[in-house]
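S.K.: See final-v8.cif below, with mmCIF, C-alpha atoms.
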data_protein
#
loop_
_atom_site.label_atom_id
_atom_site.label_comp_id
_atom_site.auth_asym_id
_atom_site.auth_seq_id
_atom_site.Cartn_x
_atom_site.Cartn_y
_atom_site.Cartn_z
CA MET A 108 117.05 147.72 215.64
CA LEU A 109 115.43 149.22 212.55
CA CYS A 110 117.35 146.80 210.33
CA HIS A 111 116.28 143.86 212.52
CA PHE A 112 112.66 144.97 212.31
CA SER A 113 112.87 145.31 208.55
CA ILE A 114 114.31 141.80 208.12
CA SER A 115 111.70 140.37 210.50
CA GLU A 116 108.88 142.03 208.58
CA ARG A 117 110.24 140.80 205.28
CA PHE A 118 110.45 137.27 206.67
CA ARG A 119 106.79 137.43 207.70
CA VAL A 120 105.81 138.64 204.23
CA ILE A 121 107.67 135.78 202.55
CA PHE A 122 106.09 133.07 204.73
CA ARG A 123 102.70 134.66 205.37
CA SER A 124 100.74 131.74 203.86
CA LEU A 125 102.00 129.47 206.66
CA LYS A 126 99.47 131.12 208.98
CA TYR A 127 96.87 128.79 207.46
CA ARG A 128 97.00 125.47 209.31
CA ASN A 129 96.20 123.21 206.37
CA TYR A 130 98.72 124.88 204.11
CA ARG A 131 101.34 124.75 206.87
CA LEU A 132 100.87 120.99 207.23
CA PHE A 133 101.07 120.53 203.47
CA PHE A 134 104.18 122.71 203.22
CA TYR A 135 106.15 120.76 205.84
CA GLY A 136 105.07 117.31 204.67
CA GLN A 137 105.62 118.05 201.00
CA SER A 138 109.01 119.66 201.68
CA ILE A 139 110.34 116.37 203.05
CA SER A 140 108.68 114.25 200.38
CA LEU A 141 110.07 116.36 197.54
CA ILE A 142 113.65 115.74 198.67
CA GLY A 143 113.07 112.04 198.04
CA THR A 144 111.35 112.80 194.73
CA TRP A 145 114.35 114.77 193.50
CA MET A 146 116.69 111.99 194.59
CA GLN A 147 114.72 109.60 192.40
CA ARG A 148 114.63 112.06 189.49
CA ILE A 149 118.42 112.23 189.56
CA ALA A 150 118.95 108.50 190.11
CA VAL A 151 116.73 107.22 187.27
CA PRO A 152 118.60 108.84 184.31
CA TRP A 153 121.92 107.97 185.92
CA LEU A 154 120.80 104.34 186.26
CA VAL A 155 119.71 104.26 182.60
CA TYR A 156 122.98 105.76 181.38
CA LYS A 157 125.06 103.44 183.57
CA MET A 158 123.16 100.39 182.32
CA THR A 159 123.19 101.29 178.62
CA GLY A 160 125.63 104.14 177.95
CA SER A 161 123.10 105.40 175.40
CA ALA A 162 121.93 109.01 175.04
CA MET A 163 119.05 107.70 172.89
CA LEU A 164 117.78 105.42 175.68
CA LEU A 165 118.04 108.37 178.07
CA GLY A 166 115.68 110.18 175.73
CA ILE A 167 113.31 107.18 175.51
CA SER A 168 113.23 106.86 179.30
CA GLY A 169 112.40 110.54 179.65
CA PHE A 170 109.74 110.19 176.94
CA ALA A 171 108.08 107.30 178.78
CA GLY A 172 107.88 109.30 182.00
CA GLN A 173 106.42 112.42 180.41
CA VAL A 174 104.18 111.30 177.53
CA PRO A 175 101.22 110.21 179.73
CA SER A 176 100.67 113.86 180.68
CA LEU A 177 100.06 114.75 177.06
CA PHE A 178 97.13 112.35 176.76
CA LEU A 179 95.84 112.04 180.33
CA SER A 180 96.05 115.65 181.57
CA PRO A 181 92.80 116.89 179.92
CA PHE A 182 90.95 113.88 181.35
CA ALA A 183 92.61 114.42 184.75
CA GLY A 184 91.62 118.10 184.71
CA VAL A 185 87.93 117.26 184.24
CA LEU A 186 88.04 114.72 187.08
CA THR A 187 89.78 117.29 189.29
CA ASP A 188 86.93 119.74 188.67
CA ARG A 189 84.31 117.05 189.31
CA MET A 190 85.83 115.13 192.23
CA ASN A 191 87.14 115.86 195.71
CA ARG A 192 90.67 117.20 195.09
CA TYR A 193 91.84 116.06 198.52
CA ASN A 194 91.00 112.43 197.75
CA VAL A 195 92.70 112.59 194.35
CA LEU A 196 95.83 114.01 195.96
CA MET A 197 95.86 111.40 198.75
CA TRP A 198 95.58 108.44 196.36
CA THR A 199 98.27 109.74 194.03
CA GLN A 200 100.69 110.07 196.97
CA ILE A 201 100.00 106.48 198.06
CA LEU A 202 100.50 105.14 194.53
CA SER A 203 103.72 107.14 194.13
CA MET A 204 105.04 105.65 197.37
CA LEU A 205 104.32 102.09 196.16
CA HIS A 206 106.00 102.89 192.83
CA ALA A 207 109.20 104.01 194.59
CA PHE A 208 109.31 100.87 196.74
CA ILE A 209 108.90 98.60 193.69
CA LEU A 210 111.72 100.40 191.88
CA ALA A 211 113.94 100.13 194.97
CA TRP A 212 113.24 96.40 195.31
CA LEU A 213 114.11 95.68 191.68
CA VAL A 214 117.40 97.58 191.86
CA LEU A 215 118.50 96.31 195.30
CA SER A 216 117.68 92.71 194.34
CA GLY A 217 119.82 93.02 191.21
CA ASN A 218 116.93 92.06 188.89
CA ILE A 219 116.46 95.41 187.16
CA VAL A 220 116.55 95.54 183.35
CA ILE A 221 116.09 98.54 181.09
CA TRP A 222 112.54 97.72 179.95
CA GLN A 223 111.41 97.71 183.59
CA VAL A 224 112.86 101.18 184.14
CA ILE A 225 111.05 102.48 181.06
CA LEU A 226 107.76 100.82 182.10
CA LEU A 227 107.97 102.21 185.63
CA SER A 228 108.76 105.64 184.21
CA PHE A 229 105.56 105.39 182.18
CA ILE A 230 103.55 104.37 185.27
CA ILE A 231 104.78 107.27 187.41
CA GLY A 232 104.02 109.56 184.48
CA CYS A 233 100.40 108.37 184.55
CA ILE A 234 100.19 108.98 188.31
CA ASN A 235 101.68 112.46 187.98
CA SER A 236 99.16 113.34 185.27
CA PHE A 237 96.48 113.25 187.99
CA GLU A 238 98.61 114.42 190.91
CA VAL A 239 99.91 117.70 189.47
CA PRO A 240 96.60 119.38 188.49
CA ALA A 241 94.99 118.15 191.72
CA ARG A 242 97.86 119.58 193.80
CA HIS A 243 97.85 122.95 192.05
CA SER A 244 94.05 123.23 192.26
CA PHE A 245 94.07 122.18 195.93
CA VAL A 246 96.18 125.19 196.98
CA ILE A 247 93.21 127.54 196.84
CA GLU A 248 91.32 125.25 199.27
CA MET A 249 94.15 125.45 201.81
CA VAL A 250 94.61 129.24 201.58
CA GLU A 251 91.51 131.08 202.80
CA LYS A 252 92.25 134.51 201.33
CA LYS A 253 92.77 134.81 197.57
CA ASP A 254 95.15 137.72 198.20
CA ASP A 255 97.64 135.19 199.61
CA LEU A 256 97.29 132.77 196.69
CA GLY A 257 100.31 134.20 194.86
CA ASN A 258 102.43 133.87 197.99
CA ALA A 259 101.30 130.26 198.52
CA ILE A 260 102.23 129.39 194.93
CA ALA A 261 105.62 131.06 195.40
CA LEU A 262 106.15 129.06 198.61
CA ASN A 263 105.27 125.89 196.67
CA SER A 264 108.07 126.82 194.29
CA LEU A 265 110.31 127.58 197.27
CA MET A 266 109.84 124.13 198.80
CA PHE A 267 110.05 122.43 195.39
CA ASN A 268 113.35 124.10 194.60
CA GLY A 269 114.69 123.83 198.13
CA ALA A 270 114.25 120.08 197.67
CA ARG A 271 115.75 120.42 194.20
CA LEU A 272 118.85 121.86 195.84
CA ILE A 273 119.11 119.27 198.61
CA GLY A 274 117.89 116.14 196.81
CA PRO A 275 120.39 116.07 193.90
CA SER A 276 123.28 116.83 196.27
CA ILE A 277 122.35 113.86 198.48
CA ALA A 278 121.68 111.71 195.43
CA GLY A 279 125.11 112.54 193.98
CA ILE A 280 126.79 111.26 197.14
CA LEU A 281 124.58 108.16 197.46
CA LEU A 282 124.94 107.22 193.78
CA ALA A 283 128.70 106.99 194.25
CA SER A 284 128.65 105.31 197.66
CA ALA A 285 125.48 103.20 197.97
CA GLY A 286 123.89 103.03 194.51
CA GLU A 287 120.59 103.98 192.93
CA GLY A 288 118.44 101.56 194.96
CA ILE A 289 118.97 103.46 198.21
CA CYS A 290 117.78 106.69 196.54
CA PHE A 291 114.56 104.98 195.48
CA LEU A 292 114.07 103.45 198.94
CA ILE A 293 114.48 106.82 200.68
CA ASN A 294 111.98 108.35 198.26
CA GLY A 295 109.43 105.67 199.15
CA PHE A 296 109.68 106.42 202.87
CA SER A 297 109.55 110.19 202.24
CA PHE A 298 105.96 109.91 200.98
CA VAL A 299 104.89 108.92 204.49
CA CYS A 300 105.42 112.55 205.56
CA VAL A 301 103.08 114.11 203.00
CA ILE A 302 100.46 111.38 203.47
CA PHE A 303 100.51 111.98 207.24
CA SER A 304 100.23 115.75 206.75
CA LEU A 305 97.17 115.28 204.52
CA MET A 306 95.56 113.06 207.15
CA LEU A 307 95.97 115.80 209.79
CA MET A 308 94.19 118.49 207.75
CA ARG A 309 90.84 119.94 208.77
CA LEU A 310 88.82 120.59 205.65
CA GLU A 311 85.22 121.53 205.01
CA ARG A 312 83.35 118.50 203.77
CA LYS A 313 82.56 119.02 200.09
CA GLU A 314 80.26 116.82 198.10
CA PRO A 315 81.51 115.83 194.64
CA VAL A 316 80.21 118.08 191.87
CA ILE A 317 77.35 116.37 190.05
CA ASN A 318 77.80 117.17 186.38
CA ASN A 319 75.28 115.84 183.89
CA THR A 320 77.39 116.73 180.86
CA ASP A 321 79.50 114.02 179.30
CA LEU A 322 83.25 113.84 179.73
CA LYS A 323 83.98 114.73 176.12
CA LYS A 324 81.99 117.97 176.36
CA ASP A 325 83.79 118.97 179.58
CA ILE A 326 87.15 118.39 177.93
CA THR A 327 86.05 120.38 174.85
CA ASP A 328 84.78 123.22 177.06
CA GLY A 329 88.08 123.31 178.92
CA PHE A 330 90.02 123.42 175.65
CA SER A 331 87.83 126.25 174.34
CA TYR A 332 88.24 128.20 177.58
CA VAL A 333 92.03 127.87 177.65
CA PHE A 334 92.68 128.63 173.99
CA GLY A 335 89.86 131.13 173.59
CA PHE A 336 91.28 133.40 176.29
CA LEU A 337 94.41 134.90 174.70
CA PRO A 338 96.42 135.64 177.89
CA ILE A 339 96.00 132.02 179.05
CA ARG A 340 96.70 130.74 175.54
CA HIS A 341 99.98 132.62 175.15
CA ILE A 342 101.17 131.74 178.65
CA ILE A 343 100.46 128.05 178.04
CA LEU A 344 102.11 128.06 174.59
CA LEU A 345 105.29 129.72 175.90
CA LEU A 346 105.40 127.21 178.76
CA ALA A 347 105.09 124.36 176.28
CA LEU A 348 107.89 125.68 174.08
CA VAL A 349 110.27 126.30 176.97
CA ASN A 350 109.65 122.90 178.52
CA ILE A 351 110.50 121.17 175.27
CA MET A 352 113.79 123.07 175.41
CA VAL A 353 114.26 122.15 179.09
CA MET A 354 114.70 118.54 178.02
CA PHE A 355 117.56 119.61 175.74
CA TYR A 356 119.72 120.07 178.81
CA SER A 357 118.11 117.98 181.57
CA THR A 358 117.99 114.77 179.50
CA LEU A 359 121.59 115.23 178.36
CA MET A 360 123.04 116.44 181.66
CA PRO A 361 124.50 112.99 182.56
CA VAL A 362 126.29 113.03 179.18
CA PHE A 363 127.40 116.65 179.65
CA ALA A 364 128.73 115.92 183.15
CA LYS A 365 130.65 112.79 182.15
CA GLU A 366 131.84 113.38 178.58
CA ILE A 367 132.05 117.18 178.24
CA LEU A 368 133.20 118.07 181.77
CA GLY A 369 134.98 114.76 182.43
CA GLY A 370 133.14 114.25 185.74
CA ASP A 371 131.11 111.55 187.47
CA SER A 372 127.87 111.22 189.44
CA HIS A 373 129.07 113.92 191.88
CA THR A 374 129.47 116.34 188.96
CA TYR A 375 126.00 115.52 187.68
CA GLY A 376 124.42 115.90 191.11
CA PHE A 377 126.05 119.26 191.79
CA LEU A 378 125.10 120.65 188.38
CA MET A 379 121.45 119.82 188.98
CA GLY A 380 121.78 121.11 192.53
CA ALA A 381 123.09 124.44 191.21
CA ALA A 382 119.99 124.77 189.03
CA GLY A 383 117.93 124.06 192.13
CA PHE A 384 119.80 126.76 194.04
CA GLY A 385 119.05 129.31 191.32
CA ALA A 386 115.39 128.30 191.34
CA LEU A 387 115.35 128.68 195.14
CA ILE A 388 116.64 132.25 194.84
CA GLY A 389 113.92 133.00 192.29
CA ALA A 390 111.24 131.49 194.55
CA ILE A 391 112.36 133.64 197.50
CA PHE A 392 112.16 136.70 195.27
CA LEU A 393 108.59 135.86 194.20
CA ALA A 394 107.48 135.03 197.76
CA SER A 395 108.80 138.38 199.01
CA ARG A 396 106.52 140.26 196.62
CA GLU A 397 103.41 141.63 198.32
CA THR A 398 101.36 141.73 195.10
CA VAL A 399 101.34 140.06 191.70
CA LEU A 400 101.97 143.39 189.99
CA LYS A 401 104.14 143.16 186.86
CA LEU A 402 104.34 139.37 186.77
CA GLY A 403 103.38 139.57 183.09
CA ARG A 404 106.62 141.39 182.34
CA LEU A 405 108.62 138.88 184.36
CA ILE A 406 107.57 135.88 182.24
CA PRO A 407 109.48 136.74 179.00
CA ALA A 408 112.40 138.18 181.00
CA ALA A 409 112.74 134.86 182.85
CA VAL A 410 112.68 132.89 179.59
CA ILE A 411 115.40 135.11 178.10
CA LEU A 412 117.52 134.50 181.23
CA PHE A 413 116.98 130.73 180.89
CA GLY A 414 117.72 130.64 177.16
CA THR A 415 120.82 132.81 177.43
CA GLY A 416 122.09 130.55 180.20
CA LEU A 417 121.77 127.50 177.94
CA VAL A 418 123.66 129.25 175.13
CA VAL A 419 126.55 130.11 177.46
CA LEU A 420 126.49 126.62 179.03
CA SER A 421 126.93 125.02 175.61
CA PHE A 422 130.38 126.65 175.33
CA SER A 423 131.52 125.86 178.89
CA ARG A 424 134.13 123.19 179.52
CA ILE A 425 134.92 124.24 183.11
CA PHE A 426 133.00 122.69 186.01
CA SER A 427 132.96 125.79 188.25
CA LEU A 428 131.76 128.01 185.39
CA SER A 429 129.06 125.50 184.50
CA LEU A 430 127.84 125.55 188.12
CA VAL A 431 127.41 129.34 188.01
CA ILE A 432 125.60 129.19 184.67
CA MET A 433 123.22 126.50 185.97
CA ILE A 434 122.18 128.85 188.79
CA PHE A 435 120.83 131.33 186.23
CA VAL A 436 119.28 128.54 184.13
CA GLY A 437 117.36 127.25 187.16
CA MET A 438 116.36 130.76 188.24
CA GLY A 439 114.92 131.66 184.84
CA LEU A 440 113.00 128.42 184.52
CA MET A 441 111.43 128.71 187.96
CA LEU A 442 110.49 132.38 187.59
CA GLN A 443 108.63 131.64 184.37
CA ALA A 444 106.77 128.60 185.75
CA ALA A 445 105.75 130.19 189.06
CA SER A 446 104.76 133.55 187.54
CA SER A 447 102.69 131.78 184.90
CA ASN A 448 101.04 129.60 187.55
CA THR A 449 100.13 132.64 189.67
CA ILE A 450 98.53 134.53 186.79
CA LEU A 451 96.66 131.46 185.53
CA GLN A 452 95.29 130.63 188.99
CA THR A 453 94.22 134.23 189.57
CA ILE A 454 92.31 134.85 186.34
CA THR A 455 90.71 131.39 186.01
CA ASP A 456 87.08 130.64 186.91
CA ASP A 457 86.91 128.32 189.93
CA ASP A 458 84.80 125.71 188.11
CA LYS A 459 87.45 125.44 185.38
CA ARG A 460 90.55 125.59 187.59
CA GLY A 461 91.31 121.87 187.34
CA ARG A 462 91.11 121.93 183.55
CA VAL A 463 93.31 125.02 183.24
CA MET A 464 95.84 123.44 185.59
CA SER A 465 95.72 120.27 183.52
CA PHE A 466 96.78 122.27 180.45
CA TYR A 467 99.48 123.89 182.62
CA THR A 468 100.62 120.37 183.52
CA MET A 469 100.48 119.33 179.88
CA ALA A 470 102.60 122.33 178.88
CA ILE A 471 105.24 121.53 181.50
CA MET A 472 105.22 117.73 181.43
CA GLY A 473 103.31 116.69 178.31
CA MET A 474 105.66 118.45 175.88
CA ALA A 475 108.75 117.14 177.63
CA PRO A 476 108.70 113.65 176.02
CA PHE A 477 109.08 115.19 172.60
CA GLY A 478 111.92 117.26 173.99
CA SER A 479 113.54 114.09 175.37
CA LEU A 480 113.35 112.26 172.05
CA LEU A 481 114.44 115.31 170.10
CA ALA A 482 117.34 115.89 172.50
CA GLY A 483 118.51 112.30 172.14
CA TRP A 484 118.30 112.45 168.34
CA LEU A 485 120.02 115.85 168.07
CA ALA A 486 122.77 114.85 170.50
CA LYS A 487 123.53 111.85 168.33
CA SER A 488 123.48 113.97 165.17
CA ILE A 489 125.17 117.26 166.16
CA GLY A 490 126.54 116.57 169.66
CA THR A 491 125.48 117.49 173.19
CA PRO A 492 126.84 121.09 173.32
CA SER A 493 125.20 122.04 170.00
CA THR A 494 121.89 120.57 171.16
CA ILE A 495 121.96 122.66 174.36
CA PHE A 496 122.87 125.75 172.30
CA THR A 497 119.88 125.15 170.00
CA GLY A 498 117.54 124.90 172.98
CA GLY A 499 118.75 128.25 174.29
CA ILE A 500 118.29 130.07 170.98
CA ILE A 501 114.75 128.73 170.49
CA SER A 502 113.79 129.74 174.06
CA VAL A 503 114.96 133.33 173.53
CA ALA A 504 113.07 133.50 170.22
CA GLY A 505 109.88 132.33 171.95
CA ALA A 506 110.25 135.00 174.64
CA LEU A 507 110.62 137.74 172.02
CA LEU A 508 107.46 136.56 170.24
CA PHE A 509 105.60 136.68 173.57
CA LEU A 510 106.78 140.27 174.06
CA ARG A 511 105.31 141.22 170.70
CA LYS A 512 101.90 139.92 171.84
CA LEU A 513 101.79 141.93 175.07
CA PRO A 514 100.00 145.00 173.62
CA GLU A 515 97.19 142.71 172.44
CA LEU A 516 96.99 141.07 175.86
CA ARG A 517 96.61 144.49 177.45
CA GLN A 518 93.53 145.23 175.36
CA ILE A 519 91.93 141.88 176.23
CA VAL A 520 92.71 141.63 179.94
CA ARG A 521 91.14 144.87 181.14
CA PRO A 522 87.50 144.19 180.11
CA ILE A 523 87.79 140.56 181.21
CA TYR A 524 89.13 141.74 184.58
CA VAL A 525 86.10 144.00 185.02
CA LYS A 526 83.71 141.20 184.05
CA MET A 527 85.31 138.44 186.15
CA GLY A 528 86.45 140.56 189.12
CA ILE A 529 90.01 139.25 189.04
CA ILE A 530 92.78 140.85 191.12
CA PRO A 531 93.62 144.26 189.61
CA GLU A 532 97.36 143.80 189.88
CA VAL A 533 97.30 140.94 187.37
CA ALA A 534 95.69 143.09 184.70
CA GLU A 535 98.06 145.94 185.47
CA GLY A 536 101.03 143.58 185.40
CA ILE A 537 100.26 142.41 181.88
CA GLN A 538 99.43 145.98 180.90
CA ASN A 539 102.69 147.37 182.21
CA ALA A 540 104.64 144.56 180.55
CA SER A 541 103.21 145.58 177.19
CA GLU A 542 104.37 149.12 177.73
CA SER A 543 107.97 148.05 178.22
CA GLU A 544 110.38 148.94 175.42
CA MET A 545 110.80 146.16 172.89
CA PRO A 546 114.39 144.85 172.54
#
What is this structure when it is put down as structure tokens?
M.R.:
Amino acid sequence: MLCHFSISERFRVIFRSLKYRNYRLFFYGQSISLIGTWMQRIAVPWLVYKMTGSAMLLGISGFAGQVPSLFLSPFAGVLTDRMNRYNVLMWTQILSMLHAFILAWLVLSGNIVIWQVILLSFIIGCINSFEVPARHSFVIEMVEKKDDLGNAIALNSLMFNGARLIGPSIAGILLASAGEGICFLINGFSFVCVIFSLMLMRLERKEPVINNTDLKKDITDGFSYVFGFLPIRHIILLLALVNIMVMFYSTLMPVFAKEILGGDSHTYGFLMGAAGFGALIGAIFLASRETVLKLGRLIPAAVILFGTGLVVLSFSRIFSLSLVIMIFVGMGLMLQAASSNTILQTITDDDKRGRVMSFYTMAIMGMAPFGSLLAGWLAKSIGTPSTIFTGGIISVAGALLFLRKLPELRQIVRPIYVKMGIIPEVAEGIQNASESEMP
């Protein structure tokens, strides 16, 4: 009985943010939609590689989908701070649904050519540049108590990576049996769920913020805020570095699955699904935490786990071993992203939240195009395994540099915490991380 009670209590802690009606609707609708999104994410690079057989064009396709975030995210962040975040989120979901249906029609009609895939990748990249900061900033409007913000962000990661586990597995089966077009079609219909959930929400009516300053000044102010506050700066820079390295394996995974492991679309789907499973485990761990204490220490540890996983993966030639390694790769990547998101959201001023989240988006998505191009070029020059190995080594080096900066972050966070009234556990988490023994 005691054991049952303990498990039941732990379950309530993990899912405590679902007590808020608006967040509960968003969670269920987005959970279904993200399965379709992950199916499309798996199907697009497979389609490109099947059409061209070129690792370089895989890199170009990835570049086209990610580069808009680099240029549009600062602009999107200002609009997110100025406009109604609900409306921004609703329109981006509708446009994403139309994008998926157009891609499905082109593939199923047999009229698809490579330039269309690259163009549509660029278009969805533009849409995501506005969707991601709006979605992250909107979480605090759905969760009434700031104490539950960290849990809500962890649950976002849970549903994202639950879909990351399910979507690639389904996509792997459908790619072999029905083709890429069906994956895109299912993704289009999946957006209906999140759009319907947004329509059912009950939100306080908020008038758009009237800001007399020009757009350029708002962007400059956001840049100064992000890079003038050292904890935010170092978190963003480490995110940017790691997400360049992410493309070293994700862009080349179709090549790794087919040429290194001798597999097919099933192999590719299961490898990406294993990374999703690892990320899901990490998300459950974060959601089960009752405070954000010591998240600062977790960030470099997660990056070291991710980087070490890539190094080991580069030597693997066995499918089952590669699956196990991908679990740890996915876990490390998710723990870093979600922990960074939680700290950033907690210590950021509300009127600058959209802009900070736009730099978070830029670090995750905006740097990826350069990683895609670099991955394609390196794979052609030194081979796929050596490229993945390089990404792992650079990630570990970045984590060690972050560890060296932790004592400085401790000195800066405490007075800023007192001035801004941020959650004490965040300051203590970065403090305690700095006190950990250096490797």
S.K.: Would you write out, as a VMD selection string, every residue that the PyMOL selection byres ((chain A and resi 464) around 12) captures in this file?
M.R.: chain A and resid 176 180 to 188 236 to 246 329 to 330 333 339 343 447 to 463 465 to 472
S.K.: Counting all atoms listed in the file, figure out which residue out of A:Leu368, A:Ala486, A:Ile406, A:Ile293 gets nearest to Gly505 of chain A.
M.R.: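 Among the listed residues, the smallest separation from Gly505 of chain A belongs to A:Ile406.
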S.K.: Please list as a PyMOL selection string every residue within 10 Å of Leu256 of chain A, counting all atoms listed in the file and excluding residues in the same chain fewer than 5 positions away.
M.R.: chain A and resi 124+246-251+261-262+398-399+449+452-453
S.K.: What separation in Å, quoted to one decimal, exists between atom CA of Val418 of chain A and atom CA of Thr374 of chain A?
M.R.: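 Answer for the atom CA of Val418 of chain A to atom CA of Thr374 of chain A separation: 19.8 Å.
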S.K.: Given the file above and the PyMOL selection byres ((chain A and resi 148-158) around 7), which residues are selected, and can you give them as a list in words?
M.R.: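 This file gives the following for the PyMOL selection byres ((chain A and resi 148-158) around 7): Thr144, Trp145, Met146, Gln147, Thr159, Gly160, Ser161, Leu165, Ile221, Pro275, Ala278, Glu287, Cys290 and Pro361 of chain A.
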S.K.: Counting all atoms listed in the file, which residue out of A:Phe392, A:Ser427, A:Phe422, A:Pro407 sits closest to Gly370 of chain A?
M.R.: A:Ser427
S.K.: On this structure, the PyMOL selection byres ((chain A and resi 376-386) around 9) would catch which residues? List them as a ChimeraX atom specification, sorted by chain and number.
M.R.: /A:149,264-265,267-280,357,360,364,371-375,387-391,426,429-442
S.K.: By how many Å are atom CA of Phe291 of chain A and atom CA of Leu417 of chain A apart?
M.R.: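 Spanning atom CA of Phe291 of chain A to atom CA of Leu417 of chain A is a straight-line distance of 29.4 Å.
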S.K.: Restricting the calculation to all atoms listed in the file: of A:Leu516, A:Ile501, A:Ile230, A:Arg189, which residue gets closest to Asp321 of chain A?
M.R.: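 Closest to Asp321 of chain A of all the choices is A:Arg189.
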S.K.: What separation in Å, quoted to one decimal, exists between atom CA of Leu508 of chain A and atom CA of Leu345 of chain A?
M.R.: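 It comes out at 9.1 Å.
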S.K.: Measuring between only C-alpha atoms, which one of A:Ala482, A:Ala408, A:Val299, A:Leu337 shows the shortest distance to Phe496 of chain A?
M.R.: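 Closest candidate: A:Ala482.
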S.K.: Which residue out of A:Ile234, A:Ala259, A:Ala162, A:Val214 has the minimum interatomic distance to Tyr356 of chain A when all atoms listed in the file are used?
M.R.: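 Checking each candidate against Tyr356 of chain A, we get A:Ala162 as the closest.
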